[in-house]
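Next comes model-v1.pdb, a file with PDB, C-alpha atoms.
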```pdb
ATOM      1  CA  MET A   1     -69.241  16.091 -32.483
ATOM      2  CA  ASP A   2     -72.059  18.439 -31.606
ATOM      3  CA  TYR A   3     -70.686  21.910 -30.818
ATOM      4  CA  HIS A   4     -72.722  24.480 -28.934
ATOM      5  CA  THR A   5     -74.140  27.415 -30.875
ATOM      6  CA  PRO A   6     -76.505  30.293 -30.060
ATOM      7  CA  PHE A   7     -79.249  28.156 -31.641
ATOM      8  CA  ASP A   8     -78.988  25.313 -29.092
ATOM      9  CA  ASP A   9     -82.106  24.023 -27.421
ATOM     10  CA  ALA A  10     -82.403  23.323 -23.685
ATOM     11  CA  ASP A  11     -82.085  19.571 -24.319
ATOM     12  CA  LYS A  12     -78.443  20.049 -25.318
ATOM     13  CA  LEU A  13     -77.481  21.351 -21.855
ATOM     14  CA  ASP A  14     -76.123  18.988 -19.202
ATOM     15  CA  TYR A  15     -77.756  20.472 -16.110
ATOM     16  CA  GLN A  16     -76.200  17.928 -13.736
ATOM     17  CA  LYS A  17     -72.647  18.762 -14.892
ATOM     18  CA  GLU A  18     -73.477  22.472 -14.769
ATOM     19  CA  LYS A  19     -74.574  22.053 -11.131
ATOM     20  CA  GLU A  20     -71.411  20.079 -10.299
ATOM     21  CA  ILE A  21     -69.232  22.852 -11.744
ATOM     22  CA  GLY A  22     -71.181  25.520  -9.846
ATOM     23  CA  ASP A  23     -70.934  23.541  -6.606
ATOM     24  CA  PHE A  24     -67.178  23.088  -7.062
ATOM     25  CA  ALA A  25     -66.681  26.795  -7.802
ATOM     26  CA  TYR A  26     -68.674  27.693  -4.668
ATOM     27  CA  TYR A  27     -66.638  25.221  -2.556
ATOM     28  CA  LEU A  28     -63.338  26.572  -3.882
ATOM     29  CA  ILE A  29     -64.261  30.253  -3.434
ATOM     30  CA  ASP A  30     -65.697  29.629   0.040
ATOM     31  CA  ASN A  31     -62.560  27.775   1.160
ATOM     32  CA  VAL A  32     -60.209  30.468  -0.147
ATOM     33  CA  ASP A  33     -62.348  33.170   1.469
ATOM     34  CA  ASN A  34     -62.247  31.410   4.842
ATOM     35  CA  MET A  35     -58.509  30.638   4.908
ATOM     36  CA  SER A  36     -56.688  31.816   8.024
ATOM     37  CA  LYS A  37     -53.739  33.071   5.920
ATOM     38  CA  ALA A  38     -53.801  34.944   2.622
ATOM     39  CA  LEU A  39     -52.659  33.227  -0.539
ATOM     40  CA  THR A  40     -49.091  34.028  -1.564
ATOM     41  CA  PHE A  41     -47.497  34.201  -4.985
ATOM     42  CA  HIS A  42     -44.784  31.668  -5.789
ATOM     43  CA  GLU A  43     -42.666  32.004  -8.920
ATOM     44  CA  SER A  44     -42.969  28.956 -11.138
ATOM     45  CA  GLY A  45     -40.063  26.992 -12.520
ATOM     46  CA  LYS A  46     -37.706  27.931 -15.320
ATOM     47  CA  LYS A  47     -39.087  30.196 -18.023
ATOM     48  CA  GLU A  48     -36.796  28.688 -20.636
ATOM     49  CA  GLY A  49     -36.566  25.006 -21.360
ATOM     50  CA  TYR A  50     -33.879  22.844 -22.837
ATOM     51  CA  GLY A  51     -34.341  20.899 -26.023
ATOM     52  CA  ARG A  52     -32.506  17.903 -27.401
ATOM     53  CA  GLY A  53     -28.775  18.040 -27.006
ATOM     54  CA  GLY A  54     -29.039  20.492 -24.095
ATOM     55  CA  ARG A  55     -29.740  23.477 -26.334
ATOM     56  CA  ARG A  56     -31.611  26.290 -24.683
ATOM     57  CA  LEU A  57     -35.069  26.957 -26.148
ATOM     58  CA  LYS A  58     -36.394  30.496 -26.328
ATOM     59  CA  VAL A  59     -39.323  31.503 -28.509
ATOM     60  CA  THR A  60     -39.061  34.931 -30.107
ATOM     61  CA  LEU A  61     -40.340  36.763 -33.166
ATOM     62  CA  GLY A  62     -37.400  39.151 -33.173
ATOM     63  CA  ILE A  63     -39.548  42.280 -33.051
ATOM     64  CA  MET A  64     -39.824  45.295 -30.774
ATOM     65  CA  PRO A  65     -43.530  46.119 -30.233
ATOM     66  CA  ASP A  66     -44.677  49.736 -30.184
ATOM     67  CA  PHE A  67     -46.034  49.919 -26.633
ATOM     68  CA  ALA A  68     -46.683  53.662 -26.806
ATOM     69  CA  GLY A  69     -48.670  53.540 -30.046
ATOM     70  CA  THR A  70     -52.358  54.230 -30.344
ATOM     71  CA  GLU A  71     -53.097  51.569 -32.972
ATOM     72  CA  LYS A  72     -56.344  49.810 -32.036
ATOM     73  CA  LYS A  73     -56.219  46.940 -34.521
ATOM     74  CA  GLY A  74     -53.292  44.566 -34.524
ATOM     75  CA  LEU A  75     -49.770  45.031 -33.229
ATOM     76  CA  ARG A  76     -47.578  47.864 -34.462
ATOM     77  CA  VAL A  77     -43.903  46.921 -34.692
ATOM     78  CA  ASP A  78     -41.375  49.572 -33.690
ATOM     79  CA  GLY A  79     -38.319  47.650 -34.812
ATOM     80  CA  VAL A  80     -36.913  44.315 -35.917
ATOM     81  CA  THR A  81     -33.948  42.551 -34.316
ATOM     82  CA  LYS A  82     -31.172  41.923 -36.848
ATOM     83  CA  ASP A  83     -30.953  38.264 -37.818
ATOM     84  CA  GLY A  84     -34.155  37.429 -35.883
ATOM     85  CA  PRO A  85     -37.052  35.499 -37.472
ATOM     86  CA  ALA A  86     -38.919  38.666 -38.540
ATOM     87  CA  TYR A  87     -35.733  40.120 -40.055
ATOM     88  CA  ARG A  88     -35.067  36.946 -42.053
ATOM     89  CA  VAL A  89     -38.634  36.914 -43.411
ATOM     90  CA  ALA A  90     -38.748  40.620 -44.252
ATOM     91  CA  CYS A  91     -35.321  40.848 -45.912
TER
END
```

Transcribe the structure of this file into structure tokens.
Amino acid sequence: MDYHTPFDDADKLDYQKEKEIGDFAYYLIDNVDNMSKALTFHESGKKEGYGRGGRRLKVTLGIMPDFAGTEKKGLRVDGVTKDGPAYRVAC
């Protein structure tokens, strides 16, 4: 497979597909802009799924992030939930 890089030449670009994507984007934006009614938000389905055997599935790391922190690199953890995945790994 030939992946795109900053060193690509013009012959690697698919100008026809690029035009099709641009035309579709224009069509979509123009249609939304000219709608008689504004778009409305609708909540999607369940946020939690069910696995095999009817068990409820919920993904969690078992941490409490430090939302007030000023750390610029990474995620600072304020706390760990007892018996959660992070607790089991750390202890």

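In this model, the gap between CA of Asn34 in chain A and CA of Gln16 in chain A comes to 26.9 Å.
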
Would you give the centre and edge lengths, in Å to one decimal, of a box along x, y and z around the listed atoms of range 17-21 of chain A, with 3 Å added to each side, as JSON?
```
{"center_x": -71.9, "center_y": 20.8, "center_z": -12.6, "size_x": 11.3, "size_y": 10.1, "size_z": 10.6}
```

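Picked out by the PyMOL selection byres ((chain A and resi 63) around 8) when it runs on this file: Thr60, Leu61, Gly62, Met64, Pro65, Val77, Asp78, Gly79, Val80, Thr81, Gly84 and Ala86 of chain A.
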
>> Between CA of Lys37 in chain A and CA of Ala25 in chain A, what is the distance in Å, rounded to a tenth?
In response: 19.9 Å
